[in-house]
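*Asks:* Contents of query_28.cif (mmCIF, C-alpha atoms, pLDDT in the B column; chains and numbers go by the auth columns):
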```
data_query
loop_
_atom_site.group_PDB
_atom_site.id
_atom_site.type_symbol
_atom_site.label_atom_id
_atom_site.label_comp_id
_atom_site.label_asym_id
_atom_site.label_seq_id
_atom_site.Cartn_x
_atom_site.Cartn_y
_atom_site.Cartn_z
_atom_site.B_iso_or_equiv
_atom_site.auth_seq_id
_atom_site.auth_asym_id
ATOM 1 C CA MET A 1 -6.900 -28.918 -3.367 49.00 1 A
ATOM 2 C CA GLY A 2 -7.250 -25.770 -5.471 54.00 2 A
ATOM 3 C CA ASN A 3 -4.597 -24.445 -7.772 58.00 3 A
ATOM 4 C CA THR A 4 -1.580 -26.749 -7.734 55.00 4 A
ATOM 5 C CA LYS A 5 0.591 -24.623 -10.030 69.00 5 A
ATOM 6 C CA LEU A 6 4.021 -24.403 -8.430 76.00 6 A
ATOM 7 C CA ILE A 7 5.659 -21.096 -7.647 81.00 7 A
ATOM 8 C CA SER A 8 9.321 -20.506 -7.026 85.00 8 A
ATOM 9 C CA PRO A 9 10.619 -20.551 -3.448 86.00 9 A
ATOM 10 C CA ALA A 10 11.884 -16.975 -3.992 84.00 10 A
ATOM 11 C CA LEU A 11 8.405 -15.753 -4.921 82.00 11 A
ATOM 12 C CA LEU A 12 6.919 -17.565 -1.939 84.00 12 A
ATOM 13 C CA GLN A 13 9.403 -15.901 0.400 85.00 13 A
ATOM 14 C CA ARG A 14 8.683 -12.471 -1.084 81.00 14 A
ATOM 15 C CA HIS A 15 5.024 -12.902 -0.155 79.00 15 A
ATOM 16 C CA LEU A 16 5.943 -14.042 3.349 86.00 16 A
ATOM 17 C CA HIS A 17 8.533 -11.329 4.024 82.00 17 A
ATOM 18 C CA LYS A 18 6.776 -9.829 7.078 84.00 18 A
ATOM 19 C CA VAL A 19 5.757 -13.059 8.809 91.00 19 A
ATOM 20 C CA ALA A 20 6.663 -13.247 12.478 91.00 20 A
ATOM 21 C CA TYR A 21 8.503 -16.550 12.854 94.00 21 A
ATOM 22 C CA PRO A 22 8.145 -19.121 14.252 95.00 22 A
ATOM 23 C CA ALA A 23 4.773 -19.474 12.535 94.00 23 A
ATOM 24 C CA THR A 24 2.221 -22.227 12.094 96.00 24 A
ATOM 25 C CA ARG A 25 0.732 -23.220 8.766 95.00 25 A
ATOM 26 C CA ALA A 26 -2.488 -21.424 9.748 96.00 26 A
ATOM 27 C CA GLU A 27 -0.540 -18.235 10.519 94.00 27 A
ATOM 28 C CA LEU A 28 1.265 -18.436 7.164 93.00 28 A
ATOM 29 C CA LEU A 29 -2.069 -18.854 5.372 93.00 29 A
ATOM 30 C CA ALA A 30 -3.614 -15.939 7.263 93.00 30 A
ATOM 31 C CA HIS A 31 -0.660 -13.732 6.334 92.00 31 A
ATOM 32 C CA ALA A 32 -0.882 -14.742 2.669 90.00 32 A
ATOM 33 C CA ARG A 33 -4.620 -14.000 2.595 91.00 33 A
ATOM 34 C CA ASP A 34 -4.050 -10.603 4.198 88.00 34 A
ATOM 35 C CA GLU A 35 -1.323 -9.796 1.644 85.00 35 A
ATOM 36 C CA TYR A 36 -3.654 -10.817 -1.178 87.00 36 A
ATOM 37 C CA GLU A 37 -6.437 -8.580 0.135 88.00 37 A
ATOM 38 C CA ARG A 38 -4.003 -5.684 0.559 83.00 38 A
ATOM 39 C CA VAL A 39 -2.693 -6.005 -2.998 86.00 39 A
ATOM 40 C CA VAL A 40 -6.171 -6.314 -4.505 90.00 40 A
ATOM 41 C CA GLY A 41 -7.345 -3.349 -2.429 87.00 41 A
ATOM 42 C CA ALA A 42 -4.455 -1.244 -3.696 87.00 42 A
ATOM 43 C CA LEU A 43 -5.089 -2.229 -7.315 91.00 43 A
ATOM 44 C CA GLU A 44 -8.748 -1.290 -6.958 92.00 44 A
ATOM 45 C CA GLN A 45 -7.623 2.293 -6.242 89.00 45 A
ATOM 46 C CA LEU A 46 -5.894 2.605 -9.628 93.00 46 A
ATOM 47 C CA PRO A 47 -7.371 4.424 -12.605 93.00 47 A
ATOM 48 C CA ASP A 48 -8.625 2.097 -15.346 95.00 48 A
ATOM 49 C CA ARG A 49 -5.850 2.357 -17.939 95.00 49 A
ATOM 50 C CA ARG A 50 -2.887 0.396 -19.312 96.00 50 A
ATOM 51 C CA TYR A 51 0.347 0.441 -17.268 95.00 51 A
ATOM 52 C CA SER A 52 3.688 -0.027 -19.005 95.00 52 A
ATOM 53 C CA ARG A 53 5.886 -0.862 -16.023 93.00 53 A
ATOM 54 C CA PRO A 54 5.790 -1.410 -12.254 89.00 54 A
ATOM 55 C CA ALA A 55 6.898 2.167 -11.552 88.00 55 A
ATOM 56 C CA ASP A 56 3.776 3.402 -13.377 91.00 56 A
ATOM 57 C CA VAL A 57 1.621 1.326 -11.036 91.00 57 A
ATOM 58 C CA SER A 58 3.416 2.712 -7.977 86.00 58 A
ATOM 59 C CA ARG A 59 3.023 6.287 -9.184 87.00 59 A
ATOM 60 C CA ALA A 60 -0.679 5.837 -10.026 92.00 60 A
ATOM 61 C CA PHE A 61 -1.373 4.332 -6.606 88.00 61 A
ATOM 62 C CA ALA A 62 0.513 7.161 -4.894 86.00 62 A
ATOM 63 C CA GLU A 63 -1.489 9.763 -6.778 88.00 63 A
ATOM 64 C CA ALA A 64 -4.777 7.981 -6.023 88.00 64 A
ATOM 65 C CA ALA A 65 -3.858 7.691 -2.349 87.00 65 A
ATOM 66 C CA SER A 66 -2.952 11.363 -2.040 85.00 66 A
ATOM 67 C CA GLY A 67 -6.340 12.169 -3.585 85.00 67 A
ATOM 68 C CA HIS A 68 -7.934 11.122 -0.270 87.00 68 A
ATOM 69 C CA LEU A 69 -6.304 14.087 1.469 90.00 69 A
ATOM 70 C CA GLY A 70 -8.362 16.941 0.047 84.00 70 A
ATOM 71 C CA ASP A 71 -8.973 18.728 3.339 84.00 71 A
ATOM 72 C CA VAL A 72 -5.474 18.470 4.827 90.00 72 A
ATOM 73 C CA ALA A 73 -3.910 21.774 5.847 92.00 73 A
ATOM 74 C CA TYR A 74 -0.342 21.748 4.550 94.00 74 A
ATOM 75 C CA PRO A 75 2.302 21.578 5.785 96.00 75 A
ATOM 76 C CA ALA A 76 1.224 18.346 7.461 96.00 76 A
ATOM 77 C CA ARG A 77 2.925 15.498 9.266 96.00 77 A
ATOM 78 C CA ARG A 78 2.370 11.812 8.558 96.00 78 A
ATOM 79 C CA ASP A 79 -0.038 11.396 11.493 96.00 79 A
ATOM 80 C CA ASP A 80 -2.151 14.294 10.177 95.00 80 A
ATOM 81 C CA LEU A 81 -2.314 12.611 6.755 96.00 81 A
ATOM 82 C CA VAL A 82 -3.311 9.256 8.250 95.00 82 A
ATOM 83 C CA ALA A 83 -5.985 10.897 10.414 95.00 83 A
ATOM 84 C CA CYS A 84 -7.416 12.718 7.391 94.00 84 A
ATOM 85 C CA ALA A 85 -7.535 9.540 5.297 94.00 85 A
ATOM 86 C CA GLU A 86 -9.271 7.703 8.120 94.00 86 A
ATOM 87 C CA ARG A 87 -11.829 10.527 8.539 93.00 87 A
ATOM 88 C CA ARG A 88 -12.547 10.319 4.828 92.00 88 A
ATOM 89 C CA HIS A 89 -12.949 6.515 5.072 92.00 89 A
ATOM 90 C CA ALA A 90 -10.106 5.882 2.637 91.00 90 A
ATOM 91 C CA ALA A 91 -9.528 2.261 1.667 89.00 91 A
ATOM 92 C CA ARG A 92 -7.251 0.256 3.952 89.00 92 A
ATOM 93 C CA PRO A 93 -4.352 0.133 1.440 90.00 93 A
ATOM 94 C CA VAL A 94 -4.368 3.935 1.268 92.00 94 A
ATOM 95 C CA VAL A 95 -4.205 4.323 5.048 93.00 95 A
ATOM 96 C CA GLU A 96 -1.478 1.669 5.266 91.00 96 A
ATOM 97 C CA ALA A 97 0.551 3.401 2.553 91.00 97 A
ATOM 98 C CA LEU A 98 0.354 6.658 4.471 94.00 98 A
ATOM 99 C CA ARG A 99 1.450 4.921 7.677 94.00 99 A
ATOM 100 C CA ARG A 100 4.566 3.614 5.876 92.00 100 A
ATOM 101 C CA ILE A 101 5.849 6.979 4.645 94.00 101 A
ATOM 102 C CA PRO A 102 8.565 8.717 6.686 96.00 102 A
ATOM 103 C CA ASP A 103 7.364 10.728 9.680 95.00 103 A
ATOM 104 C CA ARG A 104 8.224 14.236 8.551 96.00 104 A
ATOM 105 C CA ARG A 105 6.562 17.418 7.356 95.00 105 A
ATOM 106 C CA TYR A 106 4.968 17.363 3.874 95.00 106 A
ATOM 107 C CA ASP A 107 4.423 20.657 2.069 94.00 107 A
ATOM 108 C CA GLY A 108 1.735 19.474 -0.355 91.00 108 A
ATOM 109 C CA PRO A 109 0.061 16.593 -2.171 90.00 109 A
ATOM 110 C CA GLY A 110 2.989 16.191 -4.568 90.00 110 A
ATOM 111 C CA ALA A 111 5.389 15.557 -1.695 93.00 111 A
ATOM 112 C CA VAL A 112 2.981 12.966 -0.266 92.00 112 A
ATOM 113 C CA SER A 113 2.647 11.235 -3.659 90.00 113 A
ATOM 114 C CA ASP A 114 6.430 11.155 -4.032 91.00 114 A
ATOM 115 C CA ALA A 115 6.869 9.631 -0.565 92.00 115 A
ATOM 116 C CA ILE A 116 4.222 6.965 -1.188 89.00 116 A
ATOM 117 C CA ALA A 117 5.703 6.093 -4.580 86.00 117 A
ATOM 118 C CA GLU A 118 9.179 5.725 -3.056 86.00 118 A
ATOM 119 C CA GLU A 119 7.833 3.396 -0.354 77.00 119 A
ATOM 120 C CA GLU A 120 5.866 1.299 -2.869 66.00 120 A
ATOM 121 C CA GLU A 121 8.800 0.705 -5.238 59.00 121 A
#
```
How does this structure look as structure tokens?
*Replies:*
Amino acid sequence: MGNTKLISPALLQRHLHKVAYPATRAELLAHARDEYERVVGALEQLPDRRYSRPADVSRAFAEAASGHLGDVAYPARRDDLVACAERRHAARPVVEALRRIPDRRYDGPGAVSDAIAEEEE
């Protein structure tokens, strides 16, 4: 039956935080698999180095994600950033991160990185 190592109920709930209830076992499993793929996809975007704390991971991901926006004309709105990332075939976690930032005007890549980092923390 695979890995039988127990996890805490709190950790389990954290991974299921966006499930639409009521949900079947199959729906819970599908959500967990999607979360796993999303996390792994985000980690694959990170530079290969040692990270000292979670905030360092968030910042590195934000900077990597904003790197997919090289041809955006600033100032730009969230939808412009998402469209650019999709045109450049950015990884799914990058596009999703951009979709989660507030819908406002961004004056440059630094502002985008800051917004992504705030959403990821």
*Asks:* What's the 12 Å shell around Ala20 of chain A, counting only C-alpha atoms, without same-chain residues fewer than 4 positions away, as a list in words?
*Replies:*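 What passes the distance filter is Leu16, Thr24, Glu27, Leu28, Ala30 and His31 of chain A.
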*Asks:* Please expand the PyMOL selection byres ((chain A and resi 91) around 10) into the concrete residues it hits in this file, giving the result as a list in words.
*Replies:* Arg38, Gly41, Ala42, Glu44, Gln45, Ala65, His68, Ala85, Glu86, Arg88, His89, Ala90, Arg92, Pro93, Val94, Val95 and Glu96 of chain A
*Asks:* Find the residues around segment 73-76 of chain A up to 8 Å (all atoms listed in the file counted), leave out those fewer than 4 positions away in its own chain, and share them as a ChimeraX atom specification.
*Replies:* /A:80-81,105-108
*Asks:* Generate a file of the selected residues that holds C-alpha atoms, formatted as a CSV table (one decimal), in the frame of the given file.
*Replies:*
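Heads up, here's the output in result_3.csv:
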```
chain,number,residue,atom,x,y,z
A,80,ASP,CA,-2.2,14.3,10.2
A,81,LEU,CA,-2.3,12.6,6.8
A,105,ARG,CA,6.6,17.4,7.4
A,106,TYR,CA,5.0,17.4,3.9
A,107,ASP,CA,4.4,20.7,2.1
A,108,GLY,CA,1.7,19.5,-0.4
```
*Asks:* Counting only C-alpha atoms, which residue out of A:Pro47, A:Arg78, A:Asp71, A:Arg14 sits closest to Arg59 of chain A?
*Replies:* A:Pro47
*Asks:* As an exercise, work out the distance from atom CA of Ser113 of chain A to atom CA of Glu63 of chain A in Å and give it to one decimal place.
*Replies:* 5.4 Å
*Asks:* To one decimal in Å, tell me the separation between atom CA of Leu98 of chain A and atom CA of Ala83 of chain A.
*Replies:*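 Distance between the two atoms: 9.7 Å.
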*Asks:* Specify as a PyMOL selection string each residue included when the PyMOL selection byres ((chain A and resi 48) around 12) is applied to this file.
*Replies:* chain A and resi 43-47+49-51+57+60-61+64
*Asks:* A:Asp79, A:Gln13, A:Ser58, A:Glu37: which is nearest Arg104 of chain A, counting all atoms listed in the file?
*Replies:*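 Among the listed residues, A:Asp79 lies closest to Arg104 of chain A.
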*Asks:* Specify the axis-aligned box that encloses all atoms of segment 82-87 of chain A listed in the file after padding of 4 Å on each side, stating its centre and edge lengths in Å to one decimal as lines of an AutoDock Vina configuration file.
*Replies:*
```
center_x = -7.6
center_y = 10.2
center_z = 7.9
size_x = 16.5
size_y = 13.0
size_z = 13.1
```
*Asks:* Looking at A:Arg25, A:Arg100, A:Val39, A:Ala115, which one is nearest to Ala62 of chain A, with distances taken over all atoms listed in the file?
*Replies:*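 Counting all atoms listed in the file, the residue closest to Ala62 of chain A is A:Ala115.
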*Asks:* Can you work out the spacing between atom CA of Ile116 of chain A and atom CA of Ala55 of chain A in Å, to one decimal?
*Replies:*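 Calculated distance between atom CA of Ile116 of chain A and atom CA of Ala55 of chain A is 11.7 Å.
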*Asks:* Can you work out which one of A:Ala111, A:Ala26, A:Glu35, A:Asp56 has the shortest atom-to-atom distance to Leu12 of chain A, counting only C-alpha atoms?
*Replies:*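 Among the listed residues, A:Glu35 lies closest to Leu12 of chain A.
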*Asks:* Quick one: of A:Pro109, A:Ser8, A:Ser52, A:Tyr36, who's nearest to Arg77 of chain A, counting all atoms listed in the file?
*Replies:*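 Of the candidates, the smallest distance to Arg77 of chain A is held by A:Pro109.
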*Asks:* Please export chain A as a short mmCIF file (atom, residue, chain, number, x, y, z; two decimals), in the first residue's frame, restricted to C-alpha atoms.
*Replies:*
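Listing of selection.cif after writing:
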```
data_model
loop_
_atom_site.label_atom_id
_atom_site.label_comp_id
_atom_site.auth_asym_id
_atom_site.auth_seq_id
_atom_site.Cartn_x
_atom_site.Cartn_y
_atom_site.Cartn_z
CA MET A 1 0.00 0.00 0.00
CA GLY A 2 2.93 2.38 -0.51
CA ASN A 3 4.35 4.60 2.16
CA THR A 4 2.49 4.05 5.43
CA LYS A 5 4.33 6.74 7.40
CA LEU A 6 1.71 8.74 9.28
CA ILE A 7 1.40 12.48 8.92
CA SER A 8 -0.33 14.82 11.29
CA PRO A 9 -3.97 15.74 10.65
CA ALA A 10 -2.89 19.41 10.52
CA LEU A 11 -0.40 18.71 7.73
CA LEU A 12 -3.00 16.69 5.85
CA GLN A 13 -5.48 19.56 6.06
CA ARG A 14 -2.88 22.06 4.86
CA HIS A 15 -2.45 20.00 1.69
CA LEU A 16 -6.21 19.78 1.21
CA HIS A 17 -6.95 23.46 1.89
CA LYS A 18 -8.52 24.20 -1.53
CA VAL A 19 -10.63 21.06 -1.90
CA ALA A 20 -14.24 21.67 -2.84
CA TYR A 21 -16.26 19.72 -0.28
CA PRO A 22 -18.13 17.44 -0.22
CA ALA A 23 -15.46 15.34 -1.94
CA THR A 24 -14.95 11.67 -2.68
CA ARG A 25 -11.78 9.78 -1.90
CA ALA A 26 -10.89 9.88 -5.61
CA GLU A 27 -11.33 13.67 -5.68
CA LEU A 28 -9.13 14.05 -2.59
CA LEU A 29 -6.43 11.91 -4.22
CA ALA A 30 -6.63 13.88 -7.46
CA HIS A 31 -6.26 17.14 -5.54
CA ALA A 32 -3.27 15.81 -3.60
CA ARG A 33 -1.58 14.64 -6.81
CA ASP A 34 -2.17 18.03 -8.43
CA GLU A 35 -0.71 19.81 -5.38
CA TYR A 36 2.33 17.53 -5.50
CA GLU A 37 2.90 18.26 -9.19
CA ARG A 38 2.49 21.99 -8.59
CA VAL A 39 5.02 22.01 -5.75
CA VAL A 40 7.55 19.92 -7.67
CA GLY A 41 7.06 22.13 -10.73
CA ALA A 42 7.73 25.24 -8.66
CA LEU A 43 10.84 23.74 -7.07
CA GLU A 44 12.18 22.83 -10.50
CA GLN A 45 12.21 26.55 -11.34
CA LEU A 46 14.63 27.35 -8.50
CA PRO A 47 18.34 27.94 -8.97
CA ASP A 48 20.51 25.05 -7.76
CA ARG A 49 21.82 26.38 -4.44
CA ARG A 50 21.32 25.97 -0.69
CA TYR A 51 18.33 27.77 0.89
CA SER A 52 18.46 28.81 4.53
CA ARG A 53 14.77 29.42 5.19
CA PRO A 54 11.34 29.25 3.55
CA ALA A 55 11.39 32.97 2.70
CA ASP A 56 14.53 32.36 0.61
CA VAL A 57 12.66 29.73 -1.39
CA SER A 58 9.72 32.09 -1.95
CA ARG A 59 12.01 34.90 -3.08
CA ALA A 60 14.00 32.64 -5.44
CA PHE A 61 10.80 31.32 -7.02
CA ALA A 62 9.45 34.85 -7.43
CA GLU A 63 12.64 35.97 -9.14
CA ALA A 64 12.67 32.90 -11.40
CA ALA A 65 9.02 33.44 -12.30
CA SER A 66 9.52 37.10 -13.16
CA GLY A 67 12.38 36.02 -15.42
CA HIS A 68 9.76 34.65 -17.84
CA LEU A 69 8.52 38.18 -18.52
CA GLY A 70 11.40 39.53 -20.59
CA ASP A 71 9.28 41.10 -23.32
CA VAL A 72 6.59 42.71 -21.16
CA ALA A 73 6.11 46.43 -21.68
CA TYR A 74 5.90 48.01 -18.24
CA PRO A 75 3.77 49.26 -16.66
CA ALA A 76 1.73 46.08 -17.05
CA ARG A 77 -1.35 44.59 -15.45
CA ARG A 78 -1.63 41.05 -14.12
CA ASP A 79 -3.43 39.80 -17.25
CA ASP A 80 -0.61 41.18 -19.43
CA LEU A 81 1.94 39.31 -17.29
CA VAL A 82 0.00 36.05 -17.48
CA ALA A 83 -0.40 36.39 -21.25
CA CYS A 84 3.33 37.00 -21.67
CA ALA A 85 4.25 33.98 -19.54
CA GLU A 86 1.87 31.81 -21.53
CA ARG A 87 3.32 33.07 -24.85
CA ARG A 88 6.78 32.19 -23.58
CA HIS A 89 5.57 28.71 -22.54
CA ALA A 90 6.44 29.31 -18.89
CA ALA A 91 5.98 26.34 -16.57
CA ARG A 92 2.52 25.91 -15.07
CA PRO A 93 3.60 26.97 -11.54
CA VAL A 94 4.91 30.26 -12.95
CA VAL A 95 1.65 31.03 -14.76
CA GLU A 96 -0.37 30.05 -11.67
CA ALA A 97 1.77 32.29 -9.46
CA LEU A 98 1.15 35.21 -11.79
CA ARG A 99 -2.60 34.52 -11.76
CA ARG A 100 -2.58 34.72 -7.93
CA ILE A 101 -0.97 38.16 -7.65
CA PRO A 102 -3.25 41.17 -7.13
CA ASP A 103 -4.82 42.62 -10.28
CA ARG A 104 -3.09 45.99 -10.43
CA ARG A 105 -0.46 47.84 -12.42
CA TYR A 106 3.17 46.70 -12.01
CA ASP A 107 5.96 49.14 -12.87
CA GLY A 108 8.73 46.58 -13.40
CA PRO A 109 10.08 43.10 -12.74
CA GLY A 110 10.96 43.94 -9.14
CA ALA A 111 7.35 44.81 -8.35
CA VAL A 112 6.22 41.53 -9.92
CA SER A 113 8.80 39.54 -7.91
CA ASP A 114 7.68 41.26 -4.71
CA ALA A 115 4.02 40.47 -5.41
CA ILE A 116 4.75 36.81 -6.17
CA ALA A 117 6.91 36.46 -3.06
CA GLU A 118 4.16 37.96 -0.89
CA GLU A 119 1.59 35.53 -2.32
CA GLU A 120 3.90 32.52 -1.88
CA GLU A 121 4.70 33.20 1.79
#
```
